[in-house]
file my_file31.txt (compact mmCIF, C-alpha atoms)
# COMPACT_ATOMS: atom_id res chain seq x y z
CA MET A 548 30.80 -15.42 20.33
CA ALA A 549 27.36 -13.82 20.53
CA THR A 550 24.32 -15.98 20.87
CA SER A 551 21.36 -15.64 18.57
CA SER A 552 19.24 -14.21 21.39
CA SER A 553 21.76 -11.45 22.14
CA ALA A 554 21.97 -10.61 18.44
CA ALA A 555 18.19 -10.38 18.25
CA THR A 556 17.98 -7.98 21.18
CA SER A 557 20.67 -5.68 19.80
CA SER A 558 19.12 -5.32 16.33
CA PRO A 559 16.83 -2.36 15.59
CA ALA A 560 13.04 -2.75 15.37
CA PHE A 561 13.27 -2.32 11.59
CA THR A 562 15.60 -0.95 8.95
CA PHE A 563 15.06 1.16 5.89
CA GLY A 564 17.09 -1.26 3.79
CA PHE A 565 18.80 1.44 1.76
CA LEU A 566 18.60 3.94 4.64
CA PRO A 567 20.07 3.75 8.17
CA PRO A 568 17.96 1.91 10.77
CA VAL A 569 15.31 3.62 12.87
CA SER A 570 14.60 2.18 16.31
CA GLU A 571 10.91 2.83 16.88
CA LYS A 572 7.78 1.97 14.88
CA LEU A 573 5.06 4.62 14.89
CA GLY A 574 2.37 3.80 17.41
CA ARG A 575 -0.25 5.77 19.31
CA GLY A 576 1.97 7.72 21.66
CA ASN A 577 5.33 8.19 19.99
CA TYR A 578 4.73 10.39 16.93
CA ASN A 579 7.23 13.09 17.90
CA MET A 580 10.04 10.59 18.49
CA TRP A 581 9.17 8.64 15.31
CA PHE A 582 8.92 11.86 13.26
CA ALA A 583 12.32 13.10 14.43
CA GLN A 584 14.01 9.81 13.55
CA VAL A 585 12.29 9.17 10.22
CA SER A 586 12.34 12.71 8.84
CA SER A 587 16.01 13.18 9.68
CA THR A 588 16.85 9.80 8.12
CA ILE A 589 14.96 10.54 4.91
CA ASN A 590 16.21 14.11 4.60
CA GLY A 591 19.76 13.08 5.51
CA ALA A 592 19.72 10.55 2.67
CA GLN A 593 18.51 13.31 0.33
CA PHE A 594 15.14 11.66 -0.27
CA GLY A 595 13.08 14.47 1.29
CA LYS A 596 11.65 15.46 -2.10
CA TYR A 597 9.56 12.28 -2.10
CA ILE A 598 7.64 13.17 1.07
CA ARG A 599 6.87 16.79 0.20
CA PRO A 600 3.22 17.66 -0.54
CA ASP A 601 4.16 18.87 -4.02
CA ALA A 602 6.13 15.72 -4.96
CA VAL A 603 5.46 14.99 -8.64
CA PRO A 604 7.45 12.63 -10.82
CA PRO A 605 8.99 13.83 -14.07
CA ALA A 606 7.16 13.02 -17.30
CA ALA A 607 7.08 9.29 -18.09
CA TYR A 608 7.91 9.88 -21.75
CA LEU A 609 9.96 12.48 -23.58
CA GLN A 610 8.82 13.81 -26.93
CA GLY A 611 11.57 14.69 -29.36
CA ASP A 612 11.47 17.66 -31.68
CA ALA A 613 9.84 17.28 -35.09
CA ASP A 614 12.16 16.72 -38.05
CA PRO A 615 12.03 20.01 -40.03
CA THR A 616 12.65 18.27 -43.36
CA THR A 617 9.80 15.76 -43.03
CA ASP A 618 7.69 17.51 -40.37
CA LYS A 619 7.40 14.08 -38.73
CA THR A 620 7.31 13.85 -34.94
CA PRO A 621 9.37 10.98 -33.47
CA ASP A 622 7.77 8.45 -31.14
CA PRO A 623 7.91 9.33 -27.44
CA GLN A 624 10.87 7.80 -25.62
CA PRO A 625 10.80 6.50 -22.02
CA ASN A 626 12.23 9.00 -19.54
CA LEU A 627 14.93 7.37 -17.41
CA ALA A 628 14.52 10.12 -14.80
CA TYR A 629 10.90 9.01 -14.37
CA GLU A 630 11.94 5.39 -13.80
CA THR A 631 14.52 6.47 -11.22
CA TRP A 632 11.98 8.72 -9.48
CA VAL A 633 9.35 5.96 -9.24
CA THR A 634 11.91 3.44 -7.99
CA GLN A 635 13.18 5.73 -5.25
CA ASP A 636 9.68 6.89 -4.31
CA GLN A 637 8.56 3.28 -3.90
CA GLN A 638 11.65 2.53 -1.77
CA VAL A 639 10.81 5.46 0.52
CA LEU A 640 7.14 4.36 0.59
CA SER A 641 8.14 0.82 1.54
CA SER A 642 10.49 2.09 4.21
CA LEU A 643 7.78 4.30 5.67
CA PHE A 644 5.29 1.43 5.68
CA SER A 645 7.81 -0.74 7.52
CA SER A 646 8.19 1.98 10.17
CA LEU A 647 4.52 1.82 11.17
CA SER A 648 2.83 -0.30 13.80
CA ARG A 649 0.06 -2.58 12.59
CA GLU A 650 -2.53 -0.22 14.09
CA VAL A 651 -1.24 2.85 12.22
CA PHE A 652 -0.55 0.90 9.03
CA SER A 653 -4.20 -0.15 8.80
CA GLN A 654 -5.23 3.52 8.86
CA VAL A 655 -2.94 4.66 6.03
CA SER A 656 -2.36 1.58 3.87
CA ALA A 657 -4.17 2.99 0.81
CA ALA A 658 -1.30 5.39 0.03
CA THR A 659 0.52 4.64 -3.23
CA THR A 660 3.31 7.21 -3.05
CA ALA A 661 5.62 8.35 -0.26
CA SER A 662 4.06 11.83 -0.39
CA GLU A 663 0.54 10.43 0.02
CA LEU A 664 1.63 8.26 2.93
CA TRP A 665 3.46 11.12 4.65
CA ALA A 666 0.36 13.33 4.36
CA ALA A 667 -1.89 10.53 5.65
CA ILE A 668 0.37 9.94 8.67
CA GLN A 669 0.38 13.65 9.48
CA ALA A 670 -3.41 13.87 9.11
CA HIS A 671 -3.85 10.79 11.30
CA HIS A 672 -1.60 12.29 13.97
CA ALA A 673 -3.32 15.68 13.76
CA SER A 674 -6.74 14.09 14.36
CA GLN A 675 -5.38 12.24 17.41
CA SER A 676 -3.86 15.49 18.68
CA ARG A 677 -7.16 17.35 18.25
CA ALA A 678 -8.97 14.61 20.18
CA TRP A 679 -6.40 14.82 22.97
CA ILE A 680 -6.74 18.63 23.10
CA ILE A 681 -10.52 18.40 23.36
CA SER A 682 -10.22 15.75 26.06
CA THR A 683 -7.76 17.87 28.02
CA ARG A 684 -9.98 20.95 27.76
CA MET A 685 -12.97 18.96 28.99
CA ALA A 686 -10.95 17.59 31.90
CA LEU A 687 -9.72 21.06 32.84
CA ALA A 688 -13.24 22.47 32.63
CA THR A 689 -14.68 19.81 34.91
CA VAL A 690 -11.88 19.30 37.44
CA SER A 691 -12.54 20.64 40.90
CA LYS A 692 -9.82 21.39 43.45
CA GLY A 693 -12.07 20.80 46.41
CA SER A 694 -9.93 19.66 49.33
CA SER A 695 -7.10 18.39 47.09
CA SER A 696 -3.59 19.69 47.56
CA ILE A 697 -2.16 21.82 44.75
CA ALA A 698 0.09 18.90 43.67
CA ASP A 699 -2.88 16.49 43.56
CA TYR A 700 -5.04 19.03 41.78
CA PHE A 701 -2.51 19.65 39.00
CA GLY A 702 -1.79 15.92 38.77
CA LYS A 703 -5.39 15.24 37.74
CA ARG A 704 -6.18 15.06 34.09

call {"tool": "encode", "arguments": {"input": "my_file31.txt", "output": "structure tokens"}}
result
Amino acid sequence: MATSSSAATSSPAFTFGFLPPVSEKLGRGNYNMWFAQVSSTINGAQFGKYIRPDAVPPAAYLQGDADPTTDKTPDPQPNLAYETWVTQDQQVLSSLFSSLSREVFSQVSAATTASELWAAIQAHHASQSRAWIISTRMALATVSKGSSSIADYFGKR
């Protein structure tokens, strides 16, 4: 019989609820690993349309055709496809939020759709990558081999 502590250590860091579990929350240094896990999970569950930049829900209401005998237009009817789209989008949004560390979540918490959140995460990561590139270029420009061995020289950052 497993103890509660062994069960706690074997469980994933979080789950998507309706999607398979992902083991790693997005933090500062693990974007590539997080991206591979989360994007494959979402796309594998056929929910990729919710994270695309052009993700737009269907119309909330459907307008019927006018009655030719009375020329009266019927009242708009709720679109069930819209309700389904919003429900699934919010599930993906919630799952994405749960896959973020507190630090990352605070940077992107204003998103209201999965597509907005996905774009915000990518923009956040891109800005960190640009900062790292600039830092690396500066380090390479200022490093001096001096009397260092080749291994020590290339090990500097």

call {"tool": "atom_distance", "arguments": {"input": "my_file31.txt", "atom1": "CA of Asp636 (chain A)", "atom2": "CA of Tyr597 (chain A)"}}
result
5.8 Å

call {"tool": "atom_distance", "arguments": {"input": "my_file31.txt", "atom1": "CA of Leu627 (chain A)", "atom2": "CA of Gly595 (chain A)"}}
result
20.1 Å

call {"tool": "closest_residue", "arguments": {"input": "my_file31.txt", "among": "A:Leu664, A:Val585, A:Val639, A:Ile598", "to": "Val651 (chain A)", "atoms": "only C-alpha atoms"}}
result
A:Leu664

call {"tool": "atom_distance", "arguments": {"input": "my_file31.txt", "atom1": "CA of Glu630 (chain A)", "atom2": "CA of Val603 (chain A)"}}
result
12.7 Å

call {"tool": "closest_residue", "arguments": {"input": "my_file31.txt", "among": "A:Gly574, A:Pro623, A:Pro604, A:Gly591", "to": "Thr660 (chain A)", "atoms": "only C-alpha atoms"}}
result
A:Pro604

call {"tool": "residues_around", "arguments": {"input": "my_file31.txt", "residues": "Lys572 (chain A)", "least_positions_apart": "5", "cutoff": "10 Å", "atoms": "all atoms listed in the file", "output": "PyMOL selection string"}}
result
chain A and resi 560-561+577-578+580-581+585+643-649+651

call {"tool": "closest_residue", "arguments": {"input": "my_file31.txt", "among": "A:Leu573, A:Ala667, A:Leu640, A:Ala606", "to": "Pro625 (chain A)", "atoms": "only C-alpha atoms"}}
result
A:Ala606

call {"tool": "closest_residue", "arguments": {"input": "my_file31.txt", "among": "A:His672, A:Asn579, A:Thr631, A:Gln637", "to": "Ala658 (chain A)", "atoms": "only C-alpha atoms"}}
result
A:Gln637

call {"tool": "closest_residue", "arguments": {"input": "my_file31.txt", "among": "A:Tyr608, A:Trp632, A:Phe594, A:Trp665", "to": "Phe582 (chain A)", "atoms": "only C-alpha atoms"}}
result
A:Trp665
